[in-house]
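Participant: A single structure is presented below for examination.
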Amino acid sequence: MRIATWNVNSIRTRHGRVVDYLVNADVDVLAMQEIKCKPEQFPLDGFEAAGYEVIAHGLNQWNGVAIASRLPMTDVETSFAGQPGFLKGHDGDDAPLEARALGVTVAGMRLWSLYVPNGRALDDPHMQYKLRFLRALADDAARTLKADPAHPLALMGDFNVAPLDDDMGDPSFVPGVSTHISPAEREAFAALEEAGLTDVVRPHQPEGYTFWDYKQLRFPRNEGMRIDFILGSRGFADRVDSAHIEREQRKGDAPSDHVPVVVDLVDEDEDDDDRPMIF
């Protein structure tokens, strides 16, 4: 099975490109972020013609997440336990939830498409929102895996954090000044690993960025950042056979500023050394 995540930066602008990629790359499940539309505005026709079911969660022209799958999707959730909301100027715990999380079960695996808040600036209220979001996500994953350590869980999407120095190649991001690389953000990302998740792509592709800004020739200069991840539990990671970053998708006409991140999984039976040999 091939699973991918991609911040598409407006599905209505790039739906043809996304469908072509799904078909040509033989992707079974795609988690999308920043679809920037409501479910009724999602361009389903091309996906359905290509054999994909789509579940979308969007509230307006901002944010939004979706999952396209050739396999049945069940147990749909549009938020995780403890997910914080946000409303500028609102200090209470009852702020409205944004469309930043979508969970489904596919082939016994729990898959989430996630769009973590950007943070905007170190002293912006959105930064505290981002940290609360990541902490709540880690807490929810920890509870899930404590209840069932073998649970095959994958958190996929745009995390808006470059967890290692090697993940940041954009010279406009300055330590102590910029988001994405602050100690608080990196600690919040590390909490996901402490909860029992691991980056299942890095062992197969240790280098490479997933995002390049449209400005200042960032892509031709390869001044990007690695902020899109597939984080898997032990039950998910043990099935990962290979992984890669689709850098070529940043080229061509009207690309997203992000590229797909992909993992290939083996069936559980394929890991069974007790299978009878056939000659």
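Residues are named by chain letter and number: chains run A, B, ... in the order of the structure tokens, numbers start at 1 in each chain, and ligands are numbered from 1 in the order shown.
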Give me, as a count of residues only, the residues of region 227-261 of chain A that a backbone DSSP run labels strand (DSSP E or B).
Facilitator: 13
Participant: Quick one: residues within 12 Å of Val259 (chain A), only C-alpha atoms counted, chain neighbours fewer than 5 positions away excluded, as an NGL selection string?
Facilitator: :A and (4-9 or 17-18 or 21 or 32-33 or 157-158 or 208-213 or 219 or 224-229 or 244-251)
Participant: Quick one: residues within 8 Å of Val240 (chain A), only C-alpha atoms counted, chain neighbours fewer than 4 positions away excluded, as a list in words?
Facilitator: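 Final neighbour list, sorted by chain and number: Val200, Phe236, Val263, Asp264, Leu265 and Val266 of chain A.
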Participant: Using DSSP on the backbone coordinates, identify the residues of region 36-92 of chain A assigned to alpha helix (DSSP H); present them as a PyMOL selection string.
Facilitator: chain A and resi 44-49
Participant: Residues at most 12 Å from Val76 (chain A), counting only C-alpha atoms, excluding those fewer than 4 positions away in the same chain, as a PDB file with N, CA, C and O atoms, in the first residue's frame?
Facilitator:
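File produced: around04.pdb:
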```pdb
ATOM      1  N   VAL A  54     -13.381  10.549  -1.566  1.00  0.00           N
ATOM      2  CA  VAL A  54     -12.800  11.697  -0.863  1.00  0.00           C
ATOM      3  C   VAL A  54     -13.676  12.073   0.317  1.00  0.00           C
ATOM      4  O   VAL A  54     -14.899  12.161   0.198  1.00  0.00           O
ATOM      5  N   ILE A  55     -13.032  12.291   1.442  1.00  0.00           N
ATOM      6  CA  ILE A  55     -13.693  12.902   2.601  1.00  0.00           C
ATOM      7  C   ILE A  55     -12.970  14.212   2.860  1.00  0.00           C
ATOM      8  O   ILE A  55     -11.737  14.235   3.000  1.00  0.00           O
ATOM      9  N   ALA A  56     -13.715  15.303   2.895  1.00  0.00           N
ATOM     10  CA  ALA A  56     -13.132  16.632   3.064  1.00  0.00           C
ATOM     11  C   ALA A  56     -13.726  17.306   4.292  1.00  0.00           C
ATOM     12  O   ALA A  56     -14.908  17.142   4.608  1.00  0.00           O
ATOM     13  N   HIS A  57     -12.894  18.098   4.943  1.00  0.00           N
ATOM     14  CA  HIS A  57     -13.330  18.893   6.089  1.00  0.00           C
ATOM     15  C   HIS A  57     -12.785  20.302   5.917  1.00  0.00           C
ATOM     16  O   HIS A  57     -11.573  20.532   6.034  1.00  0.00           O
ATOM     17  N   ALA A  66      -8.326  17.019   3.867  1.00  0.00           N
ATOM     18  CA  ALA A  66      -9.094  15.993   3.155  1.00  0.00           C
ATOM     19  C   ALA A  66      -8.257  14.732   3.046  1.00  0.00           C
ATOM     20  O   ALA A  66      -7.034  14.760   3.201  1.00  0.00           O
ATOM     21  N   ILE A  67      -8.934  13.626   2.769  1.00  0.00           N
ATOM     22  CA  ILE A  67      -8.256  12.354   2.505  1.00  0.00           C
ATOM     23  C   ILE A  67      -8.931  11.710   1.308  1.00  0.00           C
ATOM     24  O   ILE A  67     -10.162  11.593   1.254  1.00  0.00           O
ATOM     25  N   PRO A  72     -11.818   1.558   1.321  1.00  0.00           N
ATOM     26  CA  PRO A  72     -12.891   2.117   2.154  1.00  0.00           C
ATOM     27  C   PRO A  72     -12.353   2.869   3.362  1.00  0.00           C
ATOM     28  O   PRO A  72     -11.372   2.449   3.995  1.00  0.00           O
ATOM     29  N   PHE A  80      -9.524  15.895  17.011  1.00  0.00           N
ATOM     30  CA  PHE A  80      -8.990  14.924  17.962  1.00  0.00           C
ATOM     31  C   PHE A  80      -9.283  15.422  19.377  1.00  0.00           C
ATOM     32  O   PHE A  80      -9.571  16.606  19.604  1.00  0.00           O
ATOM     33  N   ALA A 101      -7.916  19.054  11.188  1.00  0.00           N
ATOM     34  CA  ALA A 101      -7.690  17.640  11.502  1.00  0.00           C
ATOM     35  C   ALA A 101      -8.804  16.794  10.908  1.00  0.00           C
ATOM     36  O   ALA A 101      -9.977  17.161  10.957  1.00  0.00           O
ATOM     37  N   LEU A 102      -8.400  15.663  10.363  1.00  0.00           N
ATOM     38  CA  LEU A 102      -9.360  14.699   9.815  1.00  0.00           C
ATOM     39  C   LEU A 102      -8.790  13.306   9.994  1.00  0.00           C
ATOM     40  O   LEU A 102      -7.686  13.011   9.503  1.00  0.00           O
ATOM     41  N   GLY A 103      -9.524  12.472  10.708  1.00  0.00           N
ATOM     42  CA  GLY A 103      -9.071  11.110  10.953  1.00  0.00           C
ATOM     43  C   GLY A 103     -10.004  10.090  10.334  1.00  0.00           C
ATOM     44  O   GLY A 103     -11.225  10.251  10.380  1.00  0.00           O
ATOM     45  N   VAL A 104      -9.407   9.040   9.753  1.00  0.00           N
ATOM     46  CA  VAL A 104     -10.183   7.933   9.186  1.00  0.00           C
ATOM     47  C   VAL A 104      -9.449   6.628   9.473  1.00  0.00           C
ATOM     48  O   VAL A 104      -8.252   6.628   9.786  1.00  0.00           O
ATOM     49  N   THR A 105     -10.173   5.542   9.357  1.00  0.00           N
ATOM     50  CA  THR A 105      -9.562   4.210   9.445  1.00  0.00           C
ATOM     51  C   THR A 105      -9.578   3.579   8.065  1.00  0.00           C
ATOM     52  O   THR A 105     -10.621   3.534   7.404  1.00  0.00           O
ATOM     53  N   VAL A 106      -8.408   3.124   7.632  1.00  0.00           N
ATOM     54  CA  VAL A 106      -8.247   2.466   6.335  1.00  0.00           C
ATOM     55  C   VAL A 106      -7.453   1.184   6.557  1.00  0.00           C
ATOM     56  O   VAL A 106      -6.348   1.218   7.107  1.00  0.00           O
ATOM     57  N   ARG A 110      -5.226   3.691  11.600  1.00  0.00           N
ATOM     58  CA  ARG A 110      -5.810   4.996  11.901  1.00  0.00           C
ATOM     59  C   ARG A 110      -4.926   6.080  11.293  1.00  0.00           C
ATOM     60  O   ARG A 110      -3.754   6.229  11.663  1.00  0.00           O
ATOM     61  N   LEU A 111      -5.482   6.814  10.340  1.00  0.00           N
ATOM     62  CA  LEU A 111      -4.723   7.808   9.590  1.00  0.00           C
ATOM     63  C   LEU A 111      -5.314   9.197   9.817  1.00  0.00           C
ATOM     64  O   LEU A 111      -6.531   9.381   9.729  1.00  0.00           O
ATOM     65  N   TRP A 112      -4.440  10.172  10.060  1.00  0.00           N
ATOM     66  CA  TRP A 112      -4.870  11.544  10.278  1.00  0.00           C
ATOM     67  C   TRP A 112      -4.200  12.471   9.277  1.00  0.00           C
ATOM     68  O   TRP A 112      -2.991  12.367   9.032  1.00  0.00           O
ATOM     69  N   SER A 113      -4.998  13.369   8.703  1.00  0.00           N
ATOM     70  CA  SER A 113      -4.472  14.477   7.920  1.00  0.00           C
ATOM     71  C   SER A 113      -4.518  15.713   8.807  1.00  0.00           C
ATOM     72  O   SER A 113      -5.585  16.086   9.307  1.00  0.00           O
TER      73      SER A 113
END
```
Participant: Grab the CA of Pro260 (chain A) to CA of Ala25 (chain A) distance for me, in Å with one decimal place.
Facilitator: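 Separation between CA of Pro260 (chain A) and CA of Ala25 (chain A): 10.6 Å.
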Participant: Applying 9 Å and only C-alpha atoms, which residues near Arg12 (chain A) remain after dropping the ones on its own chain fewer than 6 positions away? List them as number ranges by chain.
Facilitator: A: 35-37, 41-43
Participant: Would you mind exporting the chosen residues as a short mmCIF file (atom, residue, chain, number, x, y, z; two decimals), in the first residue's frame, restricted to N, CA, C and O atoms?
Facilitator:
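After the write, out14.cif holds the following:
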```
data_model
loop_
_atom_site.label_atom_id
_atom_site.label_comp_id
_atom_site.auth_asym_id
_atom_site.auth_seq_id
_atom_site.Cartn_x
_atom_site.Cartn_y
_atom_site.Cartn_z
N ILE A 35 -6.79 22.62 1.72
CA ILE A 35 -7.65 22.48 0.55
C ILE A 35 -8.39 23.79 0.24
O ILE A 35 -8.81 24.01 -0.89
N LYS A 36 -8.55 24.63 1.26
CA LYS A 36 -9.11 25.97 1.09
C LYS A 36 -10.50 25.98 0.46
O LYS A 36 -10.80 26.77 -0.44
N CYS A 37 -11.35 25.08 0.92
CA CYS A 37 -12.73 25.06 0.42
C CYS A 37 -13.61 24.26 1.38
O CYS A 37 -13.11 23.49 2.20
N GLN A 41 -17.63 22.33 -2.08
CA GLN A 41 -16.87 22.99 -3.13
C GLN A 41 -15.71 22.13 -3.65
O GLN A 41 -15.07 22.51 -4.63
N PHE A 42 -15.47 21.02 -3.00
CA PHE A 42 -14.34 20.16 -3.38
C PHE A 42 -14.59 19.56 -4.77
O PHE A 42 -15.66 19.02 -5.04
N PRO A 43 -13.60 19.64 -5.67
CA PRO A 43 -13.78 19.11 -7.04
C PRO A 43 -13.68 17.59 -7.07
O PRO A 43 -12.65 17.01 -7.42
#
```
Participant: Tell me which of A:Met1, A:Arg143, A:Gly82, A:Glu223 sits closest to Asp94 (chain A), counting only C-alpha atoms.
Facilitator: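 For Asp94 (chain A), the nearest of the candidates is A:Gly82.
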Participant: May I ask which of the residues A:Thr179, A:Thr144, A:Ser172, A:Thr74 is the closest one to Gly119 (chain A), counting only C-alpha atoms?
Facilitator: A:Thr179
Participant: Skipping near chain neighbours, those fewer than 2 positions away, what residues fall within 7 Å of Gly58 (chain A) using only C-alpha atoms, listed as a ChimeraX atom specification?
Facilitator: /A:36-39,56,60,63-65,99
Participant: Compile the contact shell of Gly232 (chain A) as an MDAnalysis selection string: residues with an atom at most 8 Å away, counting only C-alpha atoms, same-chain residues fewer than 5 positions apart removed.
Facilitator: chainID A and resid 152:155 197:200 237
Participant: Generate the output file for the selected residues, N, CA, C and O atoms, as an mmCIF file, in the first residue's frame.
Facilitator:
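Here's the written file result-v1.cif:
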```
data_model
loop_
_atom_site.group_PDB
_atom_site.id
_atom_site.type_symbol
_atom_site.label_atom_id
_atom_site.label_comp_id
_atom_site.auth_asym_id
_atom_site.auth_seq_id
_atom_site.Cartn_x
_atom_site.Cartn_y
_atom_site.Cartn_z
ATOM 1 N N PRO A 152 -1.828 0.613 14.875
ATOM 2 C CA PRO A 152 -1.163 1.238 13.718
ATOM 3 C C PRO A 152 -1.736 2.634 13.468
ATOM 4 O O PRO A 152 -2.801 2.795 12.879
ATOM 5 N N LEU A 153 -1.016 3.649 13.919
ATOM 6 C CA LEU A 153 -1.458 5.040 13.879
ATOM 7 C C LEU A 153 -0.463 5.868 13.093
ATOM 8 O O LEU A 153 0.756 5.716 13.272
ATOM 9 N N ALA A 154 -0.963 6.741 12.221
ATOM 10 C CA ALA A 154 -0.085 7.649 11.481
ATOM 11 C C ALA A 154 -0.660 9.054 11.509
ATOM 12 O O ALA A 154 -1.825 9.263 11.171
ATOM 13 N N LEU A 155 0.155 9.999 11.933
ATOM 14 C CA LEU A 155 -0.180 11.414 11.886
ATOM 15 C C LEU A 155 0.571 12.010 10.707
ATOM 16 O O LEU A 155 1.800 11.999 10.677
ATOM 17 N N LEU A 197 5.535 8.046 18.693
ATOM 18 C CA LEU A 197 5.541 8.182 17.243
ATOM 19 C C LEU A 197 6.958 8.418 16.746
ATOM 20 O O LEU A 197 7.798 8.954 17.466
ATOM 21 N N THR A 198 7.199 8.042 15.502
ATOM 22 C CA THR A 198 8.511 8.254 14.906
ATOM 23 C C THR A 198 8.361 8.715 13.473
ATOM 24 O O THR A 198 7.374 8.367 12.801
ATOM 25 N N ASP A 199 9.313 9.501 13.010
ATOM 26 C CA ASP A 199 9.339 9.939 11.617
ATOM 27 C C ASP A 199 9.721 8.720 10.772
ATOM 28 O O ASP A 199 10.871 8.280 10.792
ATOM 29 N N VAL A 200 8.762 8.195 10.011
ATOM 30 C CA VAL A 200 9.009 6.961 9.270
ATOM 31 C C VAL A 200 9.657 7.220 7.905
ATOM 32 O O VAL A 200 10.021 6.262 7.213
ATOM 33 N N ALA A 237 4.998 1.921 11.824
ATOM 34 C CA ALA A 237 6.384 2.013 11.359
ATOM 35 C C ALA A 237 6.951 0.657 10.951
ATOM 36 O O ALA A 237 7.744 0.576 10.006
#
```
Participant: Between A:Ala184, A:Ala195, A:Ala162, A:Val27, which has the minimum distance to Lys146 (chain A) (counting only C-alpha atoms)?
Facilitator: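 Using only C-alpha atoms, Lys146 (chain A) sits closest to A:Ala195.
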Participant: Please, what distance in Å, to one decimal, runs between CA of Lys215 (chain A) and CA of Met156 (chain A)?
Facilitator: 25.9 Å
